[in-house]
Amino acid sequence: MKKFYLLFAFFLSILFFSCSKPGDLTVGRAMKAYQAQNYEEALRLFNEALSEESNYSKDLLYNFITSLYLQQDDYENAVIYQEKLCEERPDYRNFVSLGMTWHLLKQDEKAVKAYERAVELNPKKGEAYASLGALFLGKKDYEKAADNLKKAAEFEPKIAVIHANLGVALAKLGENEKSEEEFKIAEELKCENLEEFRALAAD
């Protein structure tokens, strides 16, 4: 929701500070439909705007459409436009979001490819590594999980859940002392449900 309203604020800046084009009016109508929770009409209008001349780039319109589908938990359609968005504007954030949606659709091979592409674009951010680590942890591939979570912890040392997941992965690899060190860091960072992570490590 927050992401959508940031896009809405960007829309307003274009509306007030740019010369209006036919597609701009269509986007304005789409935004009004969204505010009225008429999602079907909003989606129709955003798609219509894609074929019109406007001040809005395709990637921004793809972002609007993706956000609308995600609001409705329609991941199948959301991922179609996320793919278009990544093709139009291949950046780190877009590929991380794409990976998350593929994971929700239980298509983890595609999720891994999206996260790995994000890492290629920016190897010094932790979110893609953390997502890969959590994914591999769920698949019981503990070595890959630990490798990615260590990188995630390096770049995002203040995120408790990364340390908690790393604690689980290390425990599964028999590195109990290092595992406990990670759990202590997670505890210091006020990790929620830390006992559940400990139980998973001990299972």
# chains A, B, ... in the order shown; residues from 1 in each chain; ligands from 1

$ residues_around --residues "Leu68 in chain A" --least-positions-apart "3" --cutoff "9 Å" --atoms "only C-alpha atoms" --output "ChimeraX atom specification"
/A:4,34,39,42-43,63-65,71-74,78

$ residues_around --residues "range 121-131 of chain A" --least-positions-apart "2" --cutoff "8 Å" --atoms "only C-alpha atoms" --output "PyMOL selection string"
chain A and resi 91-92+96+100+115-119+133-135+148-149+151-156+162

$ select_by_dssp --residues "range 6-191 of chain A" --states "helix (DSSP H, G or I)" --output "ChimeraX atom specification"
/A:6-17,22-35,39-49,58-71,75-88,92-104,108-121,127-138,142-155,160-172,176-188

$ residues_around --residues "range 177-179 of chain A" --least-positions-apart "6" --cutoff "10 Å" --atoms "only C-alpha atoms" --output "NGL selection string"
:A and (163-171 or 198 or 201)

$ atom_distance --atom1 "CA of Leu194 in chain A" --atom2 "CA of Tyr75 in chain A"
29.5 Å

$ atom_distance --atom1 "CA of Asp147 in chain A" --atom2 "CA of Val79 in chain A"
27.5 Å

$ residues_around --residues "Tyr62 in chain A" --least-positions-apart "5" --cutoff "9 Å" --atoms "only C-alpha atoms" --output "PDB file with all heavy atoms, in the first residue's frame"
ATOM      1  N   PHE A  46      -5.315   1.667 -16.886  1.00  0.00           N
ATOM      2  CA  PHE A  46      -3.854   1.638 -16.928  1.00  0.00           C
ATOM      3  C   PHE A  46      -3.360   0.925 -18.186  1.00  0.00           C
ATOM      4  O   PHE A  46      -2.397   1.358 -18.826  1.00  0.00           O
ATOM      5  CB  PHE A  46      -3.286   0.959 -15.682  1.00  0.00           C
ATOM      6  CG  PHE A  46      -3.195   1.847 -14.478  1.00  0.00           C
ATOM      7  CD1 PHE A  46      -3.724   1.453 -13.263  1.00  0.00           C
ATOM      8  CD2 PHE A  46      -2.580   3.091 -14.553  1.00  0.00           C
ATOM      9  CE1 PHE A  46      -3.637   2.274 -12.147  1.00  0.00           C
ATOM     10  CE2 PHE A  46      -2.484   3.923 -13.445  1.00  0.00           C
ATOM     11  CZ  PHE A  46      -3.024   3.513 -12.238  1.00  0.00           C
ATOM     12  N   ASN A  47      -4.010  -0.169 -18.530  1.00  0.00           N
ATOM     13  CA  ASN A  47      -3.619  -0.874 -19.754  1.00  0.00           C
ATOM     14  C   ASN A  47      -3.907  -0.035 -20.996  1.00  0.00           C
ATOM     15  O   ASN A  47      -3.148  -0.055 -21.962  1.00  0.00           O
ATOM     16  CB  ASN A  47      -4.347  -2.218 -19.833  1.00  0.00           C
ATOM     17  CG  ASN A  47      -3.633  -3.303 -19.055  1.00  0.00           C
ATOM     18  OD1 ASN A  47      -2.549  -3.751 -19.432  1.00  0.00           O
ATOM     19  ND2 ASN A  47      -4.221  -3.724 -17.947  1.00  0.00           N
ATOM     20  N   LEU A  50      -1.194   2.463 -21.656  1.00  0.00           N
ATOM     21  CA  LEU A  50       0.040   1.919 -22.238  1.00  0.00           C
ATOM     22  C   LEU A  50       0.116   2.153 -23.745  1.00  0.00           C
ATOM     23  O   LEU A  50       1.209   2.222 -24.310  1.00  0.00           O
ATOM     24  CB  LEU A  50       0.150   0.418 -21.949  1.00  0.00           C
ATOM     25  CG  LEU A  50       0.578   0.032 -20.532  1.00  0.00           C
ATOM     26  CD1 LEU A  50       0.364  -1.460 -20.314  1.00  0.00           C
ATOM     27  CD2 LEU A  50       2.036   0.411 -20.300  1.00  0.00           C
ATOM     28  N   SER A  57       6.279   6.760 -18.268  1.00  0.00           N
ATOM     29  CA  SER A  57       7.050   5.715 -18.924  1.00  0.00           C
ATOM     30  C   SER A  57       6.331   4.380 -18.775  1.00  0.00           C
ATOM     31  O   SER A  57       5.514   4.191 -17.866  1.00  0.00           O
ATOM     32  CB  SER A  57       8.447   5.617 -18.304  1.00  0.00           C
ATOM     33  OG  SER A  57       8.351   5.281 -16.936  1.00  0.00           O
ATOM     34  N   SER A  67       1.262  -3.236  -8.804  1.00  0.00           N
ATOM     35  CA  SER A  67       0.812  -2.896  -7.455  1.00  0.00           C
ATOM     36  C   SER A  67      -0.669  -3.208  -7.260  1.00  0.00           C
ATOM     37  O   SER A  67      -1.078  -3.707  -6.208  1.00  0.00           O
ATOM     38  CB  SER A  67       1.069  -1.414  -7.168  1.00  0.00           C
ATOM     39  OG  SER A  67       2.454  -1.142  -7.179  1.00  0.00           O
ATOM     40  N   TYR A  81       3.353  -8.656 -15.160  1.00  0.00           N
ATOM     41  CA  TYR A  81       3.773  -7.257 -15.304  1.00  0.00           C
ATOM     42  C   TYR A  81       5.107  -6.991 -14.612  1.00  0.00           C
ATOM     43  O   TYR A  81       5.846  -6.090 -15.018  1.00  0.00           O
ATOM     44  CB  TYR A  81       2.666  -6.333 -14.803  1.00  0.00           C
ATOM     45  CG  TYR A  81       1.539  -6.259 -15.797  1.00  0.00           C
ATOM     46  CD1 TYR A  81       0.470  -7.139 -15.719  1.00  0.00           C
ATOM     47  CD2 TYR A  81       1.580  -5.362 -16.860  1.00  0.00           C
ATOM     48  CE1 TYR A  81      -0.549  -7.111 -16.662  1.00  0.00           C
ATOM     49  CE2 TYR A  81       0.564  -5.320 -17.803  1.00  0.00           C
ATOM     50  CZ  TYR A  81      -0.495  -6.202 -17.703  1.00  0.00           C
ATOM     51  OH  TYR A  81      -1.496  -6.174 -18.640  1.00  0.00           O
ATOM     52  N   GLN A  82       5.420  -7.775 -13.587  1.00  0.00           N
ATOM     53  CA  GLN A  82       6.752  -7.649 -12.990  1.00  0.00           C
ATOM     54  C   GLN A  82       7.836  -8.069 -13.980  1.00  0.00           C
ATOM     55  O   GLN A  82       8.902  -7.470 -14.041  1.00  0.00           O
ATOM     56  CB  GLN A  82       6.839  -8.491 -11.714  1.00  0.00           C
ATOM     57  CG  GLN A  82       6.145  -7.845 -10.534  1.00  0.00           C
ATOM     58  CD  GLN A  82       6.230  -8.705  -9.291  1.00  0.00           C
ATOM     59  OE1 GLN A  82       5.883  -9.873  -9.301  1.00  0.00           O
ATOM     60  NE2 GLN A  82       6.694  -8.122  -8.199  1.00  0.00           N
ATOM     61  N   LYS A  84       7.564  -7.811 -17.241  1.00  0.00           N
ATOM     62  CA  LYS A  84       7.628  -6.702 -18.193  1.00  0.00           C
ATOM     63  C   LYS A  84       8.432  -5.540 -17.604  1.00  0.00           C
ATOM     64  O   LYS A  84       9.240  -4.902 -18.292  1.00  0.00           O
ATOM     65  CB  LYS A  84       6.214  -6.221 -18.540  1.00  0.00           C
ATOM     66  CG  LYS A  84       5.367  -7.200 -19.346  1.00  0.00           C
ATOM     67  CD  LYS A  84       3.967  -6.617 -19.541  1.00  0.00           C
ATOM     68  CE  LYS A  84       3.026  -7.570 -20.248  1.00  0.00           C
ATOM     69  NZ  LYS A  84       3.353  -7.688 -21.687  1.00  0.00           N
ATOM     70  N   LEU A  85       8.192  -5.270 -16.315  1.00  0.00           N
ATOM     71  CA  LEU A  85       8.889  -4.177 -15.637  1.00  0.00           C
ATOM     72  C   LEU A  85      10.391  -4.433 -15.591  1.00  0.00           C
ATOM     73  O   LEU A  85      11.190  -3.532 -15.861  1.00  0.00           O
ATOM     74  CB  LEU A  85       8.333  -4.017 -14.223  1.00  0.00           C
ATOM     75  CG  LEU A  85       9.004  -2.977 -13.319  1.00  0.00           C
ATOM     76  CD1 LEU A  85       8.956  -1.600 -13.949  1.00  0.00           C
ATOM     77  CD2 LEU A  85       8.331  -2.968 -11.947  1.00  0.00           C
TER      78      LEU A  85
END

$ residues_around --residues "Glu40 in chain A" --least-positions-apart "4" --cutoff "10 Å" --atoms "only C-alpha atoms" --output "PyMOL selection string"
chain A and resi 30+33-34+44-45+68-69

$ write_last_selection --atoms "N, CA, C and O atoms" --output "mmCIF file, in the first residue's frame"
data_model
loop_
_atom_site.group_PDB
_atom_site.id
_atom_site.type_symbol
_atom_site.label_atom_id
_atom_site.label_comp_id
_atom_site.auth_asym_id
_atom_site.auth_seq_id
_atom_site.Cartn_x
_atom_site.Cartn_y
_atom_site.Cartn_z
ATOM 1 N N ALA A 30 -7.636 6.369 -14.043
ATOM 2 C CA ALA A 30 -7.282 5.084 -13.438
ATOM 3 C C ALA A 30 -7.020 5.247 -11.940
ATOM 4 O O ALA A 30 -7.448 4.416 -11.129
ATOM 5 N N ALA A 33 -10.267 5.626 -10.147
ATOM 6 C CA ALA A 33 -10.934 4.323 -10.044
ATOM 7 C C ALA A 33 -10.310 3.495 -8.924
ATOM 8 O O ALA A 33 -11.010 2.812 -8.168
ATOM 9 N N TYR A 34 -8.983 3.588 -8.810
ATOM 10 C CA TYR A 34 -8.318 2.853 -7.737
ATOM 11 C C TYR A 34 -8.759 3.372 -6.366
ATOM 12 O O TYR A 34 -9.068 2.583 -5.457
ATOM 13 N N ARG A 44 -8.136 -1.652 -16.337
ATOM 14 C CA ARG A 44 -8.477 -1.419 -17.740
ATOM 15 C C ARG A 44 -7.879 -0.100 -18.225
ATOM 16 O O ARG A 44 -7.299 -0.028 -19.324
ATOM 17 N N LEU A 45 -7.996 0.926 -17.396
ATOM 18 C CA LEU A 45 -7.507 2.244 -17.789
ATOM 19 C C LEU A 45 -5.983 2.305 -17.827
ATOM 20 O O LEU A 45 -5.402 2.925 -18.721
ATOM 21 N N LEU A 68 -1.464 -2.937 -8.285
ATOM 22 C CA LEU A 68 -2.900 -3.229 -8.191
ATOM 23 C C LEU A 68 -3.159 -4.720 -8.059
ATOM 24 O O LEU A 68 -3.980 -5.149 -7.249
ATOM 25 N N TYR A 69 -2.465 -5.518 -8.843
ATOM 26 C CA TYR A 69 -2.648 -6.972 -8.741
ATOM 27 C C TYR A 69 -2.185 -7.491 -7.383
ATOM 28 O O TYR A 69 -2.824 -8.367 -6.788
#
